[in-house]
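Quick notes on the structure that follows.
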Amino acid sequence: MSGNLRIQAISGHSGAAPGAGTQRGERVAKLIDTTTCIGCKACEVACVEWNDLSFRETVFDNTYQTMPETAWNYWNLIQFREHIQPDGTLQWLMRKDQCMHCAEPGCLMACPADGAIVQYQNGIVDFQQDYCIGCQYCVAGCPFNIPKFNPATKKMFKCTLCTDRVSQGLEPACIKACPTGCLHFGSKEDMTALAESRANQLREQSGYENAGVYDPAGVGGTSVIYVLHDASNPEAYGGLPRNPRIPLSVKLWKGPLKWLGNLAMIGGLLGVTLHYLRFGPKHVPSKETDRP
Amino acid sequence: MILRYTLLERAIHWLAALTYMYVLATGLAFYSPHLYWVAGILGGGPTSRYWHPWVALVFVATLVWMLRAWLADMRITDADRAWGRDVKQYVRNEDEDLPPIDRFNLGQKYFFWVMLFAAAVLLATGIAMWFPASLPLALRPFMILLHVSAALITVGAFIIHVYMGTAVVRGGFTSIIRGEVSPAWARTHHRLWYERVTGK
C-alpha cells in the first residue's frame with residue numbers, strides 16, 4: 001500500500017530531509033470508530049505481541065482500563081470512561097489511545113537529536129531509538145501525552161503505527177486483531193470518507209446528533225482519526241484534547257527565540273571584538289607599574 | 001603584591017568556569033541542529049544529555065559557595081552607583097576620573113547577580129525538564145522556553161565577563177590564576193579595596 005518508507009521530515013536536522021517531496025507518497029491512516037468498540041483489548045494484546053514488548057503490570061483503578069496511561073512498553077491503551085449523558089443515562093466511552101501520527105508533529109519539532117524522530121511521506125511519525133538521546137523534549141512537544149521514557153535504556157518509545165508491517169503492505173497489528181471491525185486502515189483519503197459516512201449514519205439513523213470525525217486541524221490533521229458519538233465533547237473520551245496544537249512555547253523557542261538568541265550571541269562576540277579594536281586594553285599608569 | 005583571591009576562591013572560580021562551559025557546550029548542542037556536532041565531540045548525544053544535568057548541579061553548588069563567600073562584597077553601594085553614572089568613561093578606558101570603588105566594580109556585581117538569578121531559573125526549569133512526565137501537560141514546553149531564555153542571558157554575560165577579564169583588564173586573568181595583583185593595579189581599578197586591605 002505505501003511501498004518503501006520515504007522520509008518527509010527529520011528531527012534536529014540542519015537542512016532539508018534528503019529526497020523529501022521528490023515523489024508523491026500516499027498518506028495512510030488508521031480509523032478508530034469508538035461507537036463500535038467493545039473494549040475487548042485485543043488491540044492492546046496484539047500491539048504488545050507484534051512489537052515484542054516486555055510484560056507490564058496492570059494498574060487497577062476501579063474501571064476496565066488496563067493502566068492509567070500508555071507506557072514505554074505499552075503503546076496502545078483503551079481509555080474507559082463512564083459518561084453521564086445530558087438525559088441522565090450512563091454511557092460507556094471506550095477510546096483506543098495511541099500516537100496520533102500528526103501531520104505537524106510537536107515531538108519532531110521539539111527534538112534536538114539529528115534523526116531521532118522521522119516522519120515518513122506516508123504520514124507515519126517514528127522514533128529511531130539509535131539516535132535518541134533521552135532528553136524527553138518530545139514529551140514537552142506532544143499535545144497528546146504519548147512519548148514515554150524507558151528509564152533503563154534512557155530512550156523514548158511510542159506507537160510506530162507498525163511501520164515494519166505497513167512498509168511490507170500489511171495493516172498494523174491492532175487492526176488485524178480487532179474483532180468488531182471498529183478499526184480500519186487504508187489511505188487517509190479513503191479513511192476520511194469512511195469516517196464521514198459513518199458519522200453521517202450516526203447522526204441520521206442512530207440519534208447521535210453531534211456525531212463527527214476527530215481529525216484535528218491544529219496539528220495539520222492526524223494519521224489516526226476517530227469517529228466519536230459526540231464530537232463536540234472529545235474531552236469525555238479520556239482527555240482527547242479539543243483543539244490540540246504544537247504548544248506555543250515550543251514554536252516560540254524554535255522560532256523567534258532562536259533568532260534572537262543567535263543574533264545576541266553573534267552580536268555579543270562582534271561587539272567585544274569591535275570594542276577591543278576601538279579601545280583596546282586598560283593600562284595601569286606606567287609610573288606605578290609593578291605588574292605581577 | 002596584594003592577595004586578591006585566595007586559593008579556595010580561585011579553585012571554586014575555575015570549577016564554576018569548567019562546569020559552566022560544559023553545560024554551555026552541551027546546551028548549545030541541544031539548542032541548535034547546526035551545533036549538534038558539539039555533542040559528538042563531547043562523547044555523543046546520549047552522553048552529553050546524561051552528564052548535562054549532573055554537571056549543572058556542580059555548577060549550581062559553586063554558585064551557592066560564591067554567594068556565601070562573596071555576598072558582602074557583591075552588595076551594590078552608593079560608590080557603585082556613582083561609578084555606574086560614569087560607566088561610559090570606563091567603557092572608553094578613560095579610568096582616571098572614575099569614582100573609587102571597592103573589591104568589585106558594578107559590572108562584576110551585575111555579572112554575579114545575573115548568573116545567580118539565571119542559574120536559579122535554570123535549576124528550577126532544568127529539574128522540571130529532567131522529569132517532564134511529572135508535570136502537567138501545559139507546563140512542560142514552557143519550562144524549555146524559560147530554560148533556553150535564561151541560558152541565553154548567561155551567554156551574553158559570560159562573553160562580556162571573559163572579554164573584560166582577559167583582554168581589557170590586564171592583570172585580571174593573572175589574578176584569578178595566581179591570586180595576586182600589584183598595588184598599582186589595585187589602586188587603579190579598586191581604590192577603596194586597596195585602601196581597605198593595605199590600610200593606606
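Residue numbers start at 1 in each chain; chains themselves are named A, B, ... in the order of the C-alpha cells; ligands are numbered from 1 in the order shown.
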For Gln65 (chain A): contacts at 8 Å, only C-alpha atoms, fewer than 2 positions along chain excluded, given as a PyMOL selection string
chain A and resi 60-61+63+67-68+77-80
Which residues are near Gly239 (chain A)? Cut-off 12 Å, only C-alpha atoms, ignore same chain within fewer than 6 positions. Put them as number ranges by chain.
A: 68-69, 79-81, 93-97, 143-145, 233; B: 137
Could I get the residues of chain B with an atom no further than 7 Å from an atom of chain A, each paired with its nearest atom pair and that distance in Å to one decimal, using only C-alpha atoms, sorted by chain and residue number, as a Markdown table?
```
| residue | atom | partner | partner_atom | distance |
| --- | --- | --- | --- | --- |
| B:Phe30 | CA | A:Pro112 | CA | 5.2 |
| B:Tyr31 | CA | A:Pro112 | CA | 6.9 |
| B:Pro33 | CA | A:Gly12 | CA | 5.0 |
| B:His34 | CA | A:Ser14 | CA | 5.7 |
| B:Gly45 | CA | A:Ile133 | CA | 5.4 |
| B:Pro46 | CA | A:Ile133 | CA | 4.1 |
| B:Arg49 | CA | A:Cys135 | CA | 6.3 |
| B:Arg92 | CA | A:Phe279 | CA | 6.2 |
| B:Asn93 | CA | A:Lys282 | CA | 5.8 |
| B:Pro132 | CA | A:Val139 | CA | 6.8 |
| B:Arg140 | CA | A:Ala140 | CA | 4.8 |
| B:Pro141 | CA | A:Ala140 | CA | 4.6 |
| B:Phe142 | CA | A:Ser249 | CA | 5.5 |
| B:Leu145 | CA | A:Trp253 | CA | 5.5 |
| B:Leu152 | CA | A:Gly261 | CA | 6.2 |
| B:Gly156 | CA | A:Gly268 | CA | 6.4 |
| B:Ile159 | CA | A:Gly268 | CA | 6.8 |
| B:Tyr163 | CA | A:Val272 | CA | 6.8 |
| B:Ala167 | CA | A:Pro281 | CA | 6.2 |
| B:Val168 | CA | A:Pro281 | CA | 4.0 |
| B:Val169 | CA | A:Lys282 | CA | 5.5 |
| B:Arg170 | CA | A:Lys282 | CA | 6.6 |
| B:Glu180 | CA | A:Pro292 | CA | 6.9 |
| B:Val181 | CA | A:Pro292 | CA | 5.9 |
| B:Ser182 | CA | A:Arg291 | CA | 5.3 |
| B:Ala184 | CA | A:Glu288 | CA | 5.3 |
| B:Trp185 | CA | A:Val284 | CA | 6.0 |
| B:Thr188 | CA | A:Val284 | CA | 6.4 |
```
Got time to write the residues from that selection, C-alpha atoms, as a short mmCIF file (atom, residue, chain, number, x, y, z; two decimals), in the first residue's frame?
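The resulting file, part.cif, is reproduced below:
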```
data_model
loop_
_atom_site.label_atom_id
_atom_site.label_comp_id
_atom_site.auth_asym_id
_atom_site.auth_seq_id
_atom_site.Cartn_x
_atom_site.Cartn_y
_atom_site.Cartn_z
CA PHE B 30 20.68 20.72 22.14
CA TYR B 31 19.82 24.32 21.21
CA PRO B 33 20.92 21.38 14.91
CA HIS B 34 23.82 23.38 13.47
CA GLY B 45 24.32 12.91 22.24
CA PRO B 46 23.25 10.43 24.94
CA ARG B 49 22.44 14.51 27.74
CA ARG B 92 36.22 54.19 26.77
CA ASN B 93 39.16 53.31 29.01
CA PRO B 132 8.81 16.16 32.39
CA ARG B 140 6.11 21.10 30.05
CA PRO B 141 7.03 23.16 26.96
CA PHE B 142 7.04 26.39 29.00
CA LEU B 145 11.34 28.11 26.81
CA LEU B 152 20.95 32.85 26.53
CA GLY B 156 25.70 37.29 26.97
CA ILE B 159 31.01 36.72 26.78
CA TYR B 163 36.37 39.55 27.43
CA ALA B 167 41.52 41.19 27.05
CA VAL B 168 40.62 44.50 28.64
CA VAL B 169 41.64 44.48 32.29
CA ARG B 170 45.21 43.29 32.01
CA GLU B 180 47.88 38.34 43.34
CA VAL B 181 47.74 41.85 41.91
CA SER B 182 50.18 44.74 42.02
CA ALA B 184 49.23 49.92 41.26
CA TRP B 185 46.63 47.62 39.70
CA THR B 188 43.80 51.97 39.72
#
```
With only C-alpha atoms as the counted atoms, please give the residues lying no more than 8 Å from region 161-164 of chain A, apart from itself and same-chain residues fewer than 4 positions off, as a PyMOL selection string.
chain A and resi 51+99+124+126+168+171-173
For Arg56 (chain A): contacts at 9 Å, only C-alpha atoms, fewer than 3 positions along chain excluded, given as a list of chain:residue names:
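Final neighbour list, sorted by chain and number: A:Leu53, A:Ala71, A:Asn73, A:Tyr74.
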I need the helix (DSSP H, G or I) residues of region 3-181 of chain A per DSSP on the backbone, written as a ChimeraX atom specification.
/A:42-50,106-110,137-141,163-166,173-177
For the residues selected in the previous step, produce a file with N, CA and C atoms as a compact mmCIF listing (two decimals), in the first residue's frame.
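Okay, result_17.txt is ready:
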```
# COMPACT_ATOMS: atom_id res chain seq x y z
N ALA A 42 -8.26 -6.59 22.48
CA ALA A 42 -7.48 -7.43 21.57
C ALA A 42 -6.37 -6.63 20.93
N CYS A 43 -6.64 -5.33 20.65
CA CYS A 43 -5.62 -4.47 20.03
C CYS A 43 -4.44 -4.26 20.97
N GLU A 44 -4.73 -4.16 22.29
CA GLU A 44 -3.64 -3.99 23.26
C GLU A 44 -2.72 -5.20 23.23
N VAL A 45 -3.33 -6.38 23.22
CA VAL A 45 -2.54 -7.61 23.23
C VAL A 45 -1.75 -7.76 21.92
N ALA A 46 -2.44 -7.47 20.81
CA ALA A 46 -1.78 -7.61 19.51
C ALA A 46 -0.57 -6.67 19.42
N CYS A 47 -0.71 -5.48 19.97
CA CYS A 47 0.37 -4.49 19.94
C CYS A 47 1.57 -4.99 20.73
N VAL A 48 1.30 -5.48 21.95
CA VAL A 48 2.38 -5.99 22.80
C VAL A 48 3.06 -7.18 22.12
N GLU A 49 2.22 -8.03 21.51
CA GLU A 49 2.77 -9.25 20.93
C GLU A 49 3.60 -8.95 19.67
N TRP A 50 3.00 -8.20 18.72
CA TRP A 50 3.73 -7.95 17.48
C TRP A 50 5.03 -7.18 17.73
N GLY A 106 4.54 17.76 16.98
CA GLY A 106 5.21 18.59 18.00
C GLY A 106 6.45 17.90 18.54
N CYS A 107 6.43 16.57 18.62
CA CYS A 107 7.59 15.83 19.13
C CYS A 107 8.79 16.06 18.22
N LEU A 108 8.55 15.98 16.91
CA LEU A 108 9.64 16.12 15.94
C LEU A 108 10.20 17.54 15.97
N MET A 109 9.29 18.52 16.11
CA MET A 109 9.76 19.91 16.16
C MET A 109 10.62 20.16 17.39
N ALA A 110 10.24 19.55 18.52
CA ALA A 110 10.97 19.81 19.77
C ALA A 110 12.27 19.03 19.85
N TYR A 137 12.48 16.01 25.30
CA TYR A 137 11.85 17.23 24.76
C TYR A 137 10.55 16.87 24.02
N CYS A 138 10.51 15.68 23.42
CA CYS A 138 9.31 15.26 22.70
C CYS A 138 8.10 15.18 23.63
N VAL A 139 8.38 14.87 24.91
CA VAL A 139 7.29 14.82 25.89
C VAL A 139 6.66 16.21 25.99
N ALA A 140 7.52 17.24 25.94
CA ALA A 140 7.02 18.62 26.03
C ALA A 140 6.32 19.05 24.74
N GLY A 141 6.73 18.48 23.62
CA GLY A 141 6.17 18.91 22.34
C GLY A 141 4.85 18.26 21.99
N THR A 163 5.24 0.46 11.55
CA THR A 163 5.99 0.83 10.35
C THR A 163 6.50 -0.40 9.60
N ASP A 164 7.00 -1.38 10.40
CA ASP A 164 7.57 -2.58 9.76
C ASP A 164 6.52 -3.34 8.96
N ARG A 165 5.30 -3.42 9.49
CA ARG A 165 4.23 -4.12 8.77
C ARG A 165 3.74 -3.29 7.58
N VAL A 166 3.53 -2.00 7.85
CA VAL A 166 2.97 -1.14 6.79
C VAL A 166 3.92 -1.07 5.59
N ALA A 173 -0.84 -4.21 13.52
CA ALA A 173 -1.26 -5.39 14.28
C ALA A 173 -2.60 -5.18 14.97
N CYS A 174 -2.83 -3.98 15.48
CA CYS A 174 -4.09 -3.71 16.20
C CYS A 174 -5.29 -3.88 15.27
N ILE A 175 -5.12 -3.42 14.03
CA ILE A 175 -6.20 -3.52 13.05
C ILE A 175 -6.53 -4.98 12.79
N LYS A 176 -5.44 -5.76 12.64
CA LYS A 176 -5.56 -7.18 12.32
C LYS A 176 -6.35 -7.90 13.42
N ALA A 177 -6.17 -7.44 14.69
CA ALA A 177 -6.75 -8.18 15.82
C ALA A 177 -8.19 -7.79 16.13
```
Got a sec: who's within 9 Å of region 20-25 of chain B, counting only C-alpha atoms, leaving out chain neighbours fewer than 6 positions off, as a PDB file with N, CA and C atoms, in the first residue's frame?
```pdb
ATOM      1  N   LEU B  35      24.660  23.102  15.736  1.00  0.00           N
ATOM      2  CA  LEU B  35      25.712  22.941  16.743  1.00  0.00           C
ATOM      3  C   LEU B  35      25.673  21.550  17.374  1.00  0.00           C
ATOM      4  N   VAL B  38      28.755  19.479  18.406  1.00  0.00           N
ATOM      5  CA  VAL B  38      29.474  19.692  19.665  1.00  0.00           C
ATOM      6  C   VAL B  38      29.252  18.502  20.601  1.00  0.00           C
ATOM      7  N   ALA B  39      28.012  17.992  20.611  1.00  0.00           N
ATOM      8  CA  ALA B  39      27.700  16.825  21.449  1.00  0.00           C
ATOM      9  C   ALA B  39      28.536  15.625  21.004  1.00  0.00           C
ATOM     10  N   LEU B  42      31.893  15.804  22.487  1.00  0.00           N
ATOM     11  CA  LEU B  42      31.893  15.576  23.935  1.00  0.00           C
ATOM     12  C   LEU B  42      31.400  14.175  24.311  1.00  0.00           C
ATOM     13  N   SER B  48      26.214  13.360  26.407  1.00  0.00           N
ATOM     14  CA  SER B  48      26.060  14.782  26.719  1.00  0.00           C
ATOM     15  C   SER B  48      24.776  15.016  27.498  1.00  0.00           C
ATOM     16  N   TRP B  51      25.177  13.725  31.220  1.00  0.00           N
ATOM     17  CA  TRP B  51      26.003  14.489  32.152  1.00  0.00           C
ATOM     18  C   TRP B  51      25.562  15.936  32.318  1.00  0.00           C
ATOM     19  N   HIS B  52      24.861  16.496  31.335  1.00  0.00           N
ATOM     20  CA  HIS B  52      24.471  17.914  31.397  1.00  0.00           C
ATOM     21  C   HIS B  52      23.838  18.285  32.748  1.00  0.00           C
ATOM     22  N   PRO B  53      22.793  17.575  33.200  1.00  0.00           N
ATOM     23  CA  PRO B  53      22.178  17.987  34.468  1.00  0.00           C
ATOM     24  C   PRO B  53      23.061  17.748  35.694  1.00  0.00           C
ATOM     25  N   VAL B  55      26.451  17.787  35.848  1.00  0.00           N
ATOM     26  CA  VAL B  55      27.498  18.807  35.876  1.00  0.00           C
ATOM     27  C   VAL B  55      26.888  20.157  36.266  1.00  0.00           C
ATOM     28  N   ALA B  56      25.641  20.386  35.787  1.00  0.00           N
ATOM     29  CA  ALA B  56      24.947  21.628  36.129  1.00  0.00           C
ATOM     30  C   ALA B  56      24.757  21.745  37.644  1.00  0.00           C
ATOM     31  N   PHE B  59      27.856  23.041  39.080  1.00  0.00           N
ATOM     32  CA  PHE B  59      27.940  24.490  38.815  1.00  0.00           C
ATOM     33  C   PHE B  59      27.084  25.271  39.810  1.00  0.00           C
ATOM     34  N   ALA B 151      19.340  30.677  29.790  1.00  0.00           N
ATOM     35  CA  ALA B 151      20.672  30.259  29.333  1.00  0.00           C
ATOM     36  C   ALA B 151      21.273  31.306  28.394  1.00  0.00           C
ATOM     37  N   VAL B 155      24.784  33.509  28.528  1.00  0.00           N
ATOM     38  CA  VAL B 155      25.793  33.511  27.457  1.00  0.00           C
ATOM     39  C   VAL B 155      26.284  34.942  27.213  1.00  0.00           C
TER      40      VAL B 155
END
```
Pick out the residues sitting within 9 Å of Leu123 (chain B), and hand them over as a ChimeraX atom specification; count only C-alpha atoms, and ignore anything fewer than 3 positions along from it in its own chain.
/B:53,56-57,60,118-120,126-128,147
Would you export the selected residues with N, CA and C atoms as a JSON list (two decimals), in the first residue's frame, please?
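For reference, out.json as written:
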```json
[["chain", "number", "residue", "atom", "x", "y", "z"],
["B", 53, "PRO", "N", 22.79, 17.57, 33.20],
["B", 53, "PRO", "CA", 22.18, 17.99, 34.47],
["B", 53, "PRO", "C", 23.06, 17.75, 35.69],
["B", 56, "ALA", "N", 25.64, 20.39, 35.79],
["B", 56, "ALA", "CA", 24.95, 21.63, 36.13],
["B", 56, "ALA", "C", 24.76, 21.75, 37.64],
["B", 57, "LEU", "N", 24.49, 20.62, 38.29],
["B", 57, "LEU", "CA", 24.32, 20.65, 39.74],
["B", 57, "LEU", "C", 25.62, 21.07, 40.44],
["B", 60, "VAL", "N", 25.87, 24.80, 40.04],
["B", 60, "VAL", "CA", 24.98, 25.47, 41.00],
["B", 60, "VAL", "C", 25.60, 25.46, 42.40],
["B", 118, "ALA", "N", 19.82, 33.80, 37.01],
["B", 118, "ALA", "CA", 19.61, 32.94, 35.84],
["B", 118, "ALA", "C", 19.80, 31.48, 36.23],
["B", 119, "ALA", "N", 20.80, 31.22, 37.07],
["B", 119, "ALA", "CA", 21.05, 29.84, 37.49],
["B", 119, "ALA", "C", 19.88, 29.30, 38.30],
["B", 120, "ALA", "N", 19.25, 30.17, 39.10],
["B", 120, "ALA", "CA", 18.08, 29.73, 39.88],
["B", 120, "ALA", "C", 16.96, 29.30, 38.93],
["B", 126, "GLY", "N", 15.29, 23.28, 34.84],
["B", 126, "GLY", "CA", 16.08, 22.11, 34.46],
["B", 126, "GLY", "C", 15.60, 20.85, 35.16],
["B", 127, "ILE", "N", 15.30, 20.98, 36.46],
["B", 127, "ILE", "CA", 14.78, 19.82, 37.19],
["B", 127, "ILE", "C", 13.44, 19.40, 36.59],
["B", 128, "ALA", "N", 12.62, 20.40, 36.24],
["B", 128, "ALA", "CA", 11.33, 20.10, 35.61],
["B", 128, "ALA", "C", 11.53, 19.36, 34.28],
["B", 147, "HIS", "N", 14.06, 27.88, 30.22],
["B", 147, "HIS", "CA", 15.43, 27.36, 30.38],
["B", 147, "HIS", "C", 16.35, 27.97, 29.31]]
```
Would you give me, as a ChimeraX atom specification, the residues in region 2-193 of chain B that DSSP reads as strand (DSSP E or B)?
/B:2-3,169,180-181
Contacts of region 12-17 of chain B within 10 Å, only C-alpha atoms, excl. fewer than 5 positions in-chain, as a ChimeraX atom specification:
/B:5-7,22,55-56,58-63,65-66,158,176-177
